[in-house]
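Below: run10.cif (mmCIF, C-alpha atoms)
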data_model
loop_
_atom_site.label_atom_id
_atom_site.label_comp_id
_atom_site.auth_asym_id
_atom_site.auth_seq_id
_atom_site.Cartn_x
_atom_site.Cartn_y
_atom_site.Cartn_z
CA MET O 1 24.78 -106.93 127.37
CA THR O 2 24.40 -106.98 131.16
CA ALA O 3 27.71 -107.73 132.86
CA GLN O 4 27.91 -109.54 136.14
CA PRO O 5 29.69 -107.54 138.87
CA ALA O 6 33.23 -108.49 139.78
CA THR O 7 33.40 -110.64 142.89
CA VAL O 8 36.03 -112.06 145.15
CA THR O 9 36.02 -114.54 147.97
CA PRO O 10 37.34 -112.73 151.05
CA PRO O 11 40.06 -114.38 153.10
CA ALA O 12 37.69 -116.50 155.18
CA ALA O 13 37.30 -120.00 156.52
CA THR O 14 36.79 -122.68 153.90
CA GLY O 15 35.77 -126.17 154.93
CA ALA O 16 36.99 -127.15 158.36
CA ALA O 17 40.10 -124.93 158.32
CA ARG O 18 39.83 -121.37 159.70
CA SER O 19 41.64 -118.63 157.79
CA ALA O 20 44.58 -116.72 159.20
CA TRP O 21 42.82 -113.46 158.36
CA HIS O 22 39.97 -114.37 160.76
CA GLU O 23 42.51 -114.73 163.52
CA VAL O 24 43.58 -111.09 163.16
CA PRO O 25 42.09 -108.95 165.97
CA ARG O 26 39.24 -106.78 164.69
CA LEU O 27 40.97 -103.62 165.90
CA GLN O 28 43.91 -104.30 163.63
CA VAL O 29 41.60 -105.11 160.72
CA ARG O 30 39.73 -101.81 161.18
CA ARG O 31 43.01 -99.87 161.38
CA PHE O 32 44.23 -101.60 158.22
CA ALA O 33 40.98 -100.79 156.39
CA ALA O 34 40.94 -97.16 157.56
CA ILE O 35 44.48 -96.49 156.34
CA ALA O 36 43.90 -98.33 153.06
CA LYS O 37 40.71 -96.34 152.34
CA ALA O 38 42.42 -93.08 153.21
CA GLU O 39 45.27 -93.87 150.83
CA ALA O 40 43.02 -95.28 148.08
CA PRO O 41 42.95 -92.01 146.03
CA GLU O 42 46.75 -91.71 146.15
CA LEU O 43 47.17 -95.41 145.33
CA ALA O 44 44.74 -95.12 142.41
CA GLU O 45 46.70 -92.19 140.99
CA GLU O 46 49.97 -94.09 141.38
CA ILE O 47 48.54 -97.11 139.57
CA LEU O 48 47.15 -95.00 136.72
CA ARG O 49 50.43 -93.08 136.45
CA GLU O 50 52.44 -96.29 136.09
CA ILE O 51 49.96 -97.65 133.58
CA ARG O 52 50.25 -94.49 131.50
CA ARG O 53 54.03 -94.70 131.66
CA GLU O 54 54.07 -98.30 130.44
CA TYR O 55 51.25 -97.78 127.93
CA PRO O 56 51.47 -94.16 126.74
CA HIS O 57 48.99 -94.70 123.90
CA LEU O 58 46.23 -95.84 126.19
CA PRO O 59 43.38 -93.32 125.71
CA LEU O 60 41.88 -91.55 128.73
CA VAL O 61 38.14 -91.06 128.72
CA LEU O 62 36.78 -88.37 131.05
CA ASP O 63 33.52 -88.56 132.95
CA GLU O 64 31.00 -85.72 133.25
CA ASN O 65 33.14 -84.12 135.98
CA GLY O 66 36.25 -84.13 133.82
CA GLU O 67 37.93 -86.89 135.85
CA PRO O 68 39.49 -89.86 134.03
CA MET O 69 37.06 -92.77 134.19
CA ALA O 70 39.99 -95.14 134.61
CA LEU O 71 41.02 -93.32 137.78
CA VAL O 72 37.47 -93.45 139.13
CA GLY O 73 37.25 -97.17 138.37
CA ILE O 74 40.58 -98.02 140.01
CA ARG O 75 39.77 -95.99 143.12
CA ARG O 76 36.31 -97.50 143.43
CA ALA O 77 37.69 -101.03 143.02
CA ILE O 78 40.20 -100.45 145.83
CA GLU O 79 37.57 -98.96 148.15
CA VAL O 80 35.08 -101.79 147.65
CA PHE O 81 37.72 -104.44 148.22
CA VAL O 82 39.00 -102.80 151.41
CA GLN O 83 35.50 -102.10 152.70
CA HIS O 84 34.62 -105.75 152.45
CA LEU O 85 37.76 -106.79 154.30
CA GLU O 86 36.69 -104.57 157.17
CA HIS O 87 33.56 -106.61 157.94
CA ALA O 88 33.89 -109.12 160.69
CA ASP O 89 31.21 -111.40 159.20
CA TYR O 90 32.04 -112.61 155.68
CA SER O 91 28.81 -114.56 155.33
CA THR O 92 27.19 -111.45 153.85
CA GLY O 93 28.65 -112.32 150.42
CA ARG O 94 31.39 -111.17 148.11
CA PRO O 95 32.40 -107.59 147.26
CA THR O 96 30.86 -106.14 144.14
CA VAL O 97 32.12 -103.40 141.83
CA PRO O 98 29.92 -101.47 139.40
CA PRO O 99 30.75 -103.16 136.09
CA GLY O 100 30.59 -100.13 133.80
CA VAL O 101 34.19 -98.92 133.99
CA PHE O 102 35.89 -102.29 133.61
CA GLN O 103 33.53 -103.39 130.90
CA ASP O 104 34.31 -100.14 129.11
CA PHE O 105 38.02 -100.91 129.44
CA GLY O 106 37.53 -104.17 127.58
CA ARG O 107 35.27 -102.52 125.02
CA GLY O 108 37.88 -99.84 124.40
CA GLU O 109 40.62 -102.42 123.85
CA GLY O 110 38.46 -104.19 121.29
CA LEU O 111 37.48 -101.04 119.43
CA ASN O 112 41.07 -99.85 119.28
CA GLY O 113 42.33 -103.12 117.84
CA ARG O 114 44.33 -104.23 120.88
CA THR O 115 44.29 -107.67 122.43
CA LEU O 116 43.12 -108.77 125.85
CA ASP O 117 46.71 -109.66 126.70
CA SER O 118 47.65 -106.00 127.07
CA LEU O 119 44.59 -105.35 129.23
CA GLN O 120 45.39 -108.27 131.51
CA ALA O 121 48.98 -107.02 131.79
CA ILE O 122 47.63 -103.65 132.92
CA TYR O 123 45.46 -105.30 135.55
CA ARG O 124 48.33 -107.40 136.84
CA MET O 125 50.42 -104.24 137.15
CA GLY O 126 47.61 -102.64 139.17
CA VAL O 127 47.35 -105.61 141.54
CA ARG O 128 51.12 -105.69 142.00
CA LEU O 129 51.22 -102.00 142.96
CA ALA O 130 48.21 -102.39 145.23
CA TRP O 131 49.82 -105.34 146.99
CA ARG O 132 52.96 -103.33 147.68
CA ARG O 133 50.87 -100.63 149.34
CA PHE O 134 48.78 -103.14 151.29
CA ALA O 135 51.92 -104.97 152.43
CA ASP O 136 53.33 -101.69 153.73
CA ILE O 137 50.09 -100.94 155.57
CA GLY O 138 50.03 -104.48 156.98
CA GLN O 139 53.50 -103.97 158.44
CA ARG O 140 52.44 -100.68 159.97
CA VAL O 141 49.50 -102.25 161.80
CA GLU O 142 51.34 -105.52 162.42
CA ILE O 143 49.12 -107.89 160.41
CA PRO O 144 50.70 -111.39 160.55
CA PRO O 145 52.32 -112.58 157.29
CA PRO O 146 49.98 -115.61 156.88
CA ALA O 147 46.99 -113.28 156.91
CA MET O 148 48.65 -110.99 154.33
CA TYR O 149 49.30 -113.99 152.07
CA GLU O 150 45.59 -114.75 152.16
CA LEU O 151 44.98 -111.13 151.27
CA VAL O 152 47.09 -111.58 148.13
CA ASP O 153 45.04 -114.60 147.07
CA ALA O 154 41.83 -112.66 147.62
CA GLY O 155 43.20 -109.78 145.57
CA TYR O 156 43.97 -111.97 142.58
CA GLU O 157 40.56 -113.60 142.76
CA TYR O 158 39.08 -110.11 142.81
CA LEU O 159 41.18 -109.33 139.75
CA ASP O 160 39.72 -112.33 137.94
CA GLY O 161 36.26 -110.83 138.38
CA LEU O 162 37.39 -107.51 136.92
CA VAL O 163 39.03 -109.28 133.98
CA ASP O 164 35.81 -111.17 133.39
CA GLN O 165 33.95 -107.87 133.08
CA SER O 166 36.54 -106.61 130.62
CA VAL O 167 36.31 -109.79 128.58
CA ARG O 168 32.58 -109.24 128.29
CA GLY O 169 33.14 -105.71 127.07
CA TYR O 170 35.82 -106.88 124.67
CA ALA O 171 33.56 -109.60 123.24
CA GLU O 172 30.74 -107.09 122.84
CA ALA O 173 33.03 -104.70 120.94
CA ALA O 174 34.39 -107.52 118.78
CA ALA O 175 30.87 -108.66 117.87
CA ARG O 176 29.86 -105.11 117.09
CA GLN O 177 32.92 -104.58 114.91
CA ALA O 178 32.37 -107.87 113.09
CA GLY O 179 28.75 -106.93 112.41
CA GLU O 180 29.75 -103.50 111.16
CA ARG O 181 32.43 -104.97 108.91
CA LEU O 182 29.94 -107.43 107.44
CA ARG O 183 27.52 -104.60 106.78
CA LEU O 184 30.17 -102.49 105.05
CA GLN O 185 31.45 -105.52 103.13
CA ARG O 186 27.93 -106.28 101.91
CA ARG O 187 27.52 -102.71 100.70
CA LEU O 188 30.83 -102.97 98.87
CA MET O 189 29.78 -106.22 97.20
CA GLU O 190 26.40 -104.77 96.22
CA LEU O 191 28.13 -101.90 94.47
CA LEU O 192 30.74 -104.15 92.94
CA LEU O 193 28.16 -106.57 91.51
CA ALA O 194 25.66 -103.94 90.35
CA GLU O 195 24.85 -104.07 86.65
CA ARG O 196 24.72 -100.30 86.42
CA HIS O 197 26.70 -97.75 88.39
CA ARG O 198 25.79 -94.18 89.16
CA GLY O 199 28.57 -91.65 88.95
CA ASP O 200 32.17 -92.86 88.95
CA PRO O 201 32.18 -96.49 90.14
CA ALA O 202 35.93 -96.46 90.67
CA ASP O 203 35.71 -93.64 93.25
CA ALA O 204 32.76 -95.25 95.05
CA LEU O 205 34.49 -98.62 95.14
CA ALA O 206 37.70 -97.09 96.47
CA GLU O 207 35.82 -95.28 99.24
CA ARG O 208 33.90 -98.37 100.37
CA ALA O 209 36.91 -100.67 100.08
CA ALA O 210 38.99 -98.32 102.22
CA ARG O 211 36.42 -98.52 105.03
CA ILE O 212 37.06 -102.26 105.46
CA GLY O 213 40.73 -102.18 104.50
CA TRP O 214 40.21 -104.09 101.23
CA GLN O 215 42.81 -103.36 98.59
CA LEU O 216 41.21 -102.90 95.18
CA PRO O 217 42.53 -105.58 92.78
CA ASP O 218 42.93 -105.22 89.03
CA LYS O 219 40.86 -108.34 88.34
CA VAL O 220 38.25 -110.34 90.21
CA ALA O 221 36.28 -113.54 89.79
CA VAL O 222 32.84 -113.88 91.34
CA GLY O 223 31.64 -117.16 92.82
CA VAL O 224 28.15 -118.46 93.55
CA LEU O 225 27.92 -121.26 96.11
CA LEU O 226 25.39 -123.96 96.89
CA ARG O 227 24.96 -124.70 100.59
CA PRO O 228 25.72 -128.30 101.55
CA ALA O 229 23.34 -127.77 104.50
CA ARG O 230 21.56 -124.84 106.06
CA GLU O 231 23.84 -124.93 109.12
CA ALA O 232 27.03 -125.41 107.09
CA VAL O 233 30.14 -123.78 108.50
CA ALA O 234 31.33 -120.79 106.49
CA PRO O 235 34.26 -121.69 104.23
CA ALA O 236 37.62 -120.33 105.40
CA VAL O 237 38.36 -118.45 102.18
CA GLY O 238 40.77 -115.96 103.76
CA GLN O 239 40.52 -112.25 104.53
CA GLY O 240 41.15 -111.06 100.98
CA VAL O 241 38.08 -112.87 99.61
CA LEU O 242 34.75 -111.10 100.12
CA LEU O 243 32.07 -113.57 101.21
CA ASP O 244 28.38 -112.91 101.76
CA LEU O 245 26.42 -115.82 103.22
CA GLU O 246 23.15 -113.90 103.52
CA TYR O 247 22.07 -114.90 100.02
CA GLU O 248 20.21 -118.15 99.47
CA GLN O 249 23.12 -118.97 97.18
CA PRO O 250 26.10 -117.29 98.89
CA ARG O 251 28.37 -115.09 96.81
CA MET O 252 32.05 -114.37 96.98
CA VAL O 253 34.45 -112.03 95.22
CA VAL O 254 37.95 -113.41 94.66
CA PRO O 255 40.67 -110.80 94.09
CA GLU O 256 43.40 -111.55 91.54
CA PRO O 257 42.01 -115.03 90.79
CA ASP O 258 44.94 -115.89 88.50
CA ALA O 259 47.53 -115.34 91.24
CA ALA O 260 49.83 -118.29 91.82
CA GLY O 261 48.22 -120.91 94.05
CA ARG O 262 44.88 -119.10 94.33
CA PRO O 263 42.74 -121.83 92.65
CA GLU O 264 44.27 -124.53 94.84
CA LEU O 265 43.70 -122.48 98.00
CA LEU O 266 40.08 -121.93 97.05
CA GLN O 267 39.54 -125.60 96.34
CA ARG O 268 40.84 -126.51 99.79
CA ALA O 269 38.86 -123.76 101.52
CA LEU O 270 35.63 -124.77 99.76
CA THR O 271 35.87 -128.47 100.54
CA GLY O 272 32.35 -129.76 101.13
CA TRP O 273 30.75 -126.89 99.22
CA ALA O 274 29.56 -126.77 95.63
CA GLY O 275 29.14 -123.93 93.19
CA ALA O 276 30.89 -122.11 90.39
CA ILE O 277 33.48 -119.36 90.06
CA GLY O 278 33.07 -117.04 87.11
CA PRO O 279 35.84 -116.00 84.73
CA PRO O 280 38.41 -113.36 85.73
CA VAL O 281 37.30 -109.87 84.66
CA PRO O 282 38.37 -106.28 85.33
CA LEU O 283 37.16 -105.01 88.70
CA THR O 284 34.37 -102.84 87.27
CA ASP O 285 33.03 -105.79 85.22
CA ALA O 286 32.44 -108.03 88.23
CA ALA O 287 28.74 -108.32 87.36
CA LYS O 288 29.69 -110.16 84.16
CA SER O 289 31.65 -112.77 86.11
CA LEU O 290 28.64 -113.16 88.42
CA ARG O 291 26.33 -113.82 85.45
CA TRP O 292 28.52 -116.66 84.20
CA ALA O 293 28.81 -118.17 87.69
CA GLU O 294 25.01 -118.07 88.08
CA ALA O 295 24.61 -119.66 84.66
CA ALA O 296 27.00 -122.45 85.61
CA VAL O 297 25.13 -123.10 88.86
CA ARG O 298 21.85 -123.39 86.95
CA LEU O 299 23.44 -125.99 84.67
CA MET O 300 24.79 -127.83 87.71
CA GLU O 301 21.30 -127.95 89.20
CA ARG O 302 20.05 -129.46 85.92
CA ARG O 303 22.89 -132.02 86.02
CA LEU O 304 24.34 -130.64 82.78
CA LEU O 305 27.56 -129.76 84.61
CA PRO O 306 29.24 -131.85 87.34
CA ALA O 307 27.53 -131.33 90.68
CA GLY O 308 28.92 -131.60 94.20
CA GLU O 309 32.07 -129.55 93.64
CA VAL O 310 33.20 -126.00 92.94
CA LEU O 311 33.72 -125.50 89.20
CA PHE O 312 35.72 -122.86 87.41
CA CYS O 313 33.76 -121.48 84.45
CA THR O 314 36.91 -121.14 82.37
CA GLU O 315 37.19 -124.94 82.40
CA HIS O 316 33.65 -125.40 81.04
CA THR O 317 33.48 -122.75 78.34
CA GLU O 318 31.93 -125.02 75.69
CA ALA O 319 29.03 -126.05 77.90
CA LEU O 320 28.37 -122.51 79.09
CA VAL O 321 28.42 -121.08 75.56
CA LEU O 322 26.37 -123.81 73.89
CA LEU O 323 23.86 -124.62 76.61
CA GLN O 324 22.83 -121.10 77.53
CA PRO O 325 20.89 -119.86 74.46
CA GLU O 326 18.60 -122.90 74.47
CA GLU O 327 15.75 -121.36 72.49
CA LEU O 328 18.03 -120.10 69.71
CA LEU O 329 19.91 -123.38 69.47
CA ASP O 330 16.71 -125.42 69.54
CA ASP O 331 15.32 -123.36 66.68
CA LEU O 332 18.58 -123.73 64.76
CA ALA O 333 18.54 -127.49 65.41
CA LEU O 334 15.02 -127.81 63.98
CA ARG O 335 16.22 -126.26 60.73
CA CYS O 336 19.66 -127.83 60.53
CA LEU O 337 18.63 -131.36 61.51
CA ALA O 338 15.37 -131.42 59.56
CA PRO O 339 16.73 -134.12 57.21
CA LEU O 340 16.82 -136.55 60.15
CA ALA O 341 13.13 -136.08 60.90
CA HIS O 342 12.13 -139.07 58.75
CA CYS O 343 14.69 -141.43 60.27
CA GLY O 344 13.95 -143.63 63.23
CA PRO O 345 15.20 -142.28 66.62
CA ALA O 346 18.04 -144.79 66.98
CA HIS O 347 19.17 -144.45 63.37
CA ALA O 348 18.92 -140.64 63.54
CA ARG O 349 21.09 -140.65 66.66
CA ARG O 350 23.76 -142.80 64.98
CA LEU O 351 23.81 -140.55 61.92
CA ALA O 352 24.07 -137.47 64.13
CA GLU O 353 27.03 -138.98 66.02
CA THR O 354 28.73 -139.88 62.76
CA LEU O 355 28.12 -136.44 61.29
CA LEU O 356 29.57 -134.76 64.38
CA GLY O 357 32.58 -137.07 64.28
CA TRP O 358 33.16 -136.16 60.65
CA LEU O 359 32.78 -132.44 61.32
CA GLU O 360 35.19 -132.57 64.26
CA THR O 361 37.88 -134.67 62.59
CA ARG O 362 37.57 -133.27 59.05
CA GLY O 363 38.98 -136.66 58.07
CA GLY O 364 37.91 -139.71 56.15
CA ALA O 365 36.14 -142.85 57.21
CA PRO O 366 39.12 -144.36 59.09
CA GLU O 367 39.56 -141.26 61.29
CA VAL O 368 35.84 -141.03 62.04
CA ALA O 369 35.67 -144.77 62.70
CA GLU O 370 38.56 -144.48 65.15
CA ARG O 371 36.73 -141.69 66.98
CA LEU O 372 33.42 -143.55 67.12
CA GLY O 373 34.80 -147.01 67.74
CA VAL O 374 33.06 -148.58 64.75
CA HIS O 375 34.26 -150.18 61.50
CA PRO O 376 35.31 -147.78 58.69
CA GLN O 377 32.86 -149.49 56.32
CA THR O 378 30.06 -148.58 58.72
CA VAL O 379 31.19 -144.95 58.64
CA ARG O 380 31.30 -144.94 54.83
CA TYR O 381 27.76 -146.25 54.71
CA ARG O 382 26.53 -143.58 57.11
CA LEU O 383 28.40 -140.79 55.36
CA ARG O 384 26.75 -141.75 52.06
CA GLN O 385 23.37 -141.52 53.77
CA ILE O 386 24.30 -138.12 55.26
CA ARG O 387 25.24 -136.76 51.85
CA GLU O 388 21.98 -138.06 50.39
CA LEU O 389 20.01 -136.35 53.20
CA TRP O 390 21.76 -132.96 53.13
CA GLY O 391 22.93 -132.83 49.53
CA ASP O 392 25.31 -130.05 48.56
CA GLU O 393 24.51 -128.12 51.77
CA ILE O 394 26.88 -130.42 53.61
CA ASP O 395 29.77 -128.75 51.75
CA ASP O 396 28.77 -125.22 52.71
CA PRO O 397 31.12 -123.91 55.49
CA ASP O 398 28.39 -121.91 57.22
CA ARG O 399 26.02 -124.87 57.29
CA ARG O 400 28.75 -127.17 58.61
CA PHE O 401 29.46 -124.65 61.38
CA GLU O 402 25.78 -124.53 62.35
CA LEU O 403 25.55 -128.31 62.31
CA GLU O 404 28.56 -128.65 64.57
CA LEU O 405 27.11 -126.11 66.99
CA VAL O 406 23.77 -127.85 67.40
CA LEU O 407 25.30 -131.33 67.51
CA ARG O 408 27.84 -130.35 70.16
CA ALA O 409 25.02 -128.83 72.21
CA ARG O 410 23.02 -132.06 71.92
CA ARG O 411 26.03 -134.07 72.98
CA LEU O 412 26.50 -131.83 76.04
CA ARG O 413 22.86 -132.42 76.94
CA GLY O 414 23.35 -136.16 76.61
CA GLU O 415 20.95 -136.44 73.65
CA ILE O 416 23.65 -138.05 71.52
CA GLY O 417 26.67 -140.01 72.68
CA ARG O 418 30.33 -139.24 72.49
CA GLY O 419 31.04 -142.34 70.50
CA GLY O 420 32.62 -145.56 71.66
CA ALA O 421 36.25 -144.48 71.34
CA GLN O 422 36.85 -144.86 75.05
CA SER O 423 35.55 -148.43 75.18
CA ARG O 424 35.74 -149.71 71.59
CA ARG O 425 38.99 -149.07 69.84
CA VAL O 426 39.57 -150.00 66.17
CA ALA O 427 42.70 -152.05 65.54
CA PRO O 428 45.36 -150.56 63.24
CA THR O 429 44.53 -153.19 60.58
CA GLY O 430 40.96 -151.97 60.44
CA ARG O 431 39.58 -154.87 62.47
CA ARG O 432 37.84 -154.54 65.80
CA ALA O 433 39.86 -155.12 68.93
CA ARG O 434 39.87 -158.76 70.03
CA SER O 435 37.69 -158.00 73.05
CA ARG O 436 34.73 -157.37 70.76
CA PRO O 437 33.29 -159.30 67.78
CA THR O 438 34.22 -158.22 64.27
CA THR O 439 31.57 -157.07 61.83
CA THR O 440 31.53 -155.20 58.57
CA ARG O 441 27.76 -154.84 58.42
CA PRO O 442 26.73 -151.16 58.24
CA GLU O 443 24.79 -150.11 61.31
#

Please express the file's structure as structure tokens.
Amino acid sequence: MTAQPATVTPPAATGAARSAWHEVPRLQVRRFAAIAKAEAPELAEEILREIRREYPHLPLVLDENGEPMALVGIRRAIEVFVQHLEHADYSTGRPTVPPGVFQDFGRGEGLNGRTLDSLQAIYRMGVRLAWRRFADIGQRVEIPPPAMYELVDAGYEYLDGLVDQSVRGYAEAAARQAGERLRLQRRLMELLLAERHRGDPADALAERAARIGWQLPDKVAVGVLLRPAREAVAPAVGQGVLLDLEYEQPRMVVPEPDAAGRPELLQRALTGWAGAIGPPVPLTDAAKSLRWAEAAVRLMERRLLPAGEVLFCTEHTEALVLLQPEELLDDLALRCLAPLAHCGPAHARRLAETLLGWLETRGGAPEVAERLGVHPQTVRYRLRQIRELWGDEIDDPDRRFELELVLRARRLRGEIGRGGAQSRRVAPTGRRARSRPTTTRPE
């Protein structure tokens, strides 16, 4: 980054008004400048000494000659400012200071974790001490007070230019640190989410986590996100959550996901995003949580799980367990539901819904009818057909378990309905609710 040199408008005429400094005889100005330049080294040392007293932890960096760079920078800033004041013609421009030292000051503050407030306080202290010295010199050479007041204004404008250089250095250091942290965080996440670890993963994780100040949790949950838009703003998930947006589907690692309030905080932070958060697992099993989150996202993309929000896998266990091994379940369904092959599609679907209702309730016709929202006589008719189709196999516990598995999977896929219990309730007397016509004809 190329910093612009610090500049200051000298005390000169602006608009129609002529400055008081221009009214000072040139002989007095040259005497003032000569004394100020002669005392610049002493003044620079005084300023640095006071800064070190107020900020004892401020590091001193030496140049190739073994002299503190801060001292060199302060002295040079004083000399350039005074030299410019000495010129009779201010139309030549503003004073410039080599930006390196002051940009390095800002860079050092950023790299050492301090704020710009402390740096600006240091600069203000320097200007205050310099003004005291300049005021003393002004009295010695009898510079009029109005001209000295203009000198103060020029000094603070000059200071603004130096602060601007430091801000540039600070911003550069902050960007560099942020980039380095992201790189280290990505390496930590890569190790954490690796399927196989070389050596002792606990030691490697501890070493990488320490480099970014991340405290190793006992449990984690891994999330996979879907971008709402390519330019979407990164979710404010908090410092404890590791987030990597470089993936096409960004990933995040949530420490202690079961901690009080954590799910609610995540939901708020991820507003506008979609995706899935895997189940909580021990730290070294993070890859397993990632697999479940990826599986959930695939189901969301197929519209088999709710889209447009961030889901927690632990709230959709049935869908994730039954919809994942599609080939195995499809093969099992071909064998288990073979008796329905000779029924018409609509009739086969109604029998499948009734069979699943019976398997889930383990009750008689009234209970199944209540679940499906049909008349009990209809259920009895269907159950007789089911027993004719499956025979004694329908009483085998293992076969009933397999049937329930494949039928639940089909219901999750939307291939069979959930029954009409939500919209068609059966009255306690066995008659349909008044809002719908009554019938006893088997469907």

Subject >> Residue neighbourhood Ala307 of chain O, 10 Å, all atoms listed in the file, exclusion window fewer than 4 positions, as a PyMOL selection string >> reply: chain O and resi 226+274-276+297+299-303+311

**OP:** Run the PyMOL selection byres ((chain O and resi 228) around 12) against the file shown and list the residues it catches, as number ranges by chain.
**Re:** O: 225-227, 229-235, 248-250, 270-275, 307-310

**OP:** Mind giving me the straight-line distance from atom CA of Ala70 of chain O to atom CA of Arg49 of chain O in Å, one decimal?
**Re:** 10.8 Å

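Residues matched by the PyMOL selection byres ((chain O and resi 278) around 6) in this file are Ala221, Val222, Gly223, Ile277, Pro279, Ser289, Trp292, Ala293 and Cys313 of chain O.
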
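The interatomic distance for the pair atom CA of Phe312 of chain O and atom CA of Arg187 of chain O works out to 25.5 Å.
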
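Every protein or nucleic acid residue with an atom no more than 12 Å from Leu328 of chain O, counting all atoms listed in the file and leaving out same-chain residues fewer than 6 positions away, appears here: O:Val321, O:Leu322, O:Leu334, O:Arg335, O:Glu402, O:Leu405, O:Val406, O:Ala409.
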
Next, write the just-selected residues to a file, as a JSON list (two decimals), in the frame of the given file, keeping C-alpha atoms as the atom set.
[["chain", "number", "residue", "atom", "x", "y", "z"],
["O", 321, "VAL", "CA", 28.42, -121.08, 75.56],
["O", 322, "LEU", "CA", 26.37, -123.81, 73.89],
["O", 334, "LEU", "CA", 15.02, -127.81, 63.98],
["O", 335, "ARG", "CA", 16.22, -126.26, 60.73],
["O", 402, "GLU", "CA", 25.78, -124.53, 62.35],
["O", 405, "LEU", "CA", 27.11, -126.11, 66.99],
["O", 406, "VAL", "CA", 23.77, -127.85, 67.40],
["O", 409, "ALA", "CA", 25.02, -128.83, 72.21]]

**OP:** Determine the nearest neighbour of Leu320 of chain O from the options O:Leu191, O:Val281, O:Leu305, O:Ala269, counting only C-alpha atoms.
**Re:** O:Leu305

Tell me, as a PDB file with C-alpha atoms, in the coordinates of the input, which residues lie within 10 Å of segment 25-29 of chain O, counting only C-alpha atoms; anything in the same chain fewer than 5 positions away does not count.
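Result written to around32.pdb:
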ATOM      1  CA  ALA O  34      40.940 -97.160 157.560  1.00  0.00           C
ATOM      2  CA  VAL O  82      39.000-102.800 151.410  1.00  0.00           C
ATOM      3  CA  LEU O  85      37.760-106.790 154.300  1.00  0.00           C
ATOM      4  CA  GLU O  86      36.690-104.570 157.170  1.00  0.00           C
ATOM      5  CA  HIS O  87      33.560-106.610 157.940  1.00  0.00           C
ATOM      6  CA  ALA O  88      33.890-109.120 160.690  1.00  0.00           C
ATOM      7  CA  GLY O 138      50.030-104.480 156.980  1.00  0.00           C
ATOM      8  CA  ARG O 140      52.440-100.680 159.970  1.00  0.00           C
ATOM      9  CA  VAL O 141      49.500-102.250 161.800  1.00  0.00           C
ATOM     10  CA  GLU O 142      51.340-105.520 162.420  1.00  0.00           C
ATOM     11  CA  ILE O 143      49.120-107.890 160.410  1.00  0.00           C
TER      12      ILE O 143
END

Original post:
Hey, can you check how far atom CA of Arg52 of chain O sits from atom CA of Ile122 of chain O?
Top reply: 9.6 Å

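Proximity of O:Asp203, O:Glu190, O:Glu39, O:Asp218 to Ile137 of chain O, computed with only C-alpha atoms, is greatest for O:Glu39.
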
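Remark: for Glu318 of chain O, the closest of the candidate residues O:Leu412, O:Leu48, O:Met252, O:Ala346 is O:Leu412 (distances computed over all atoms listed in the file).
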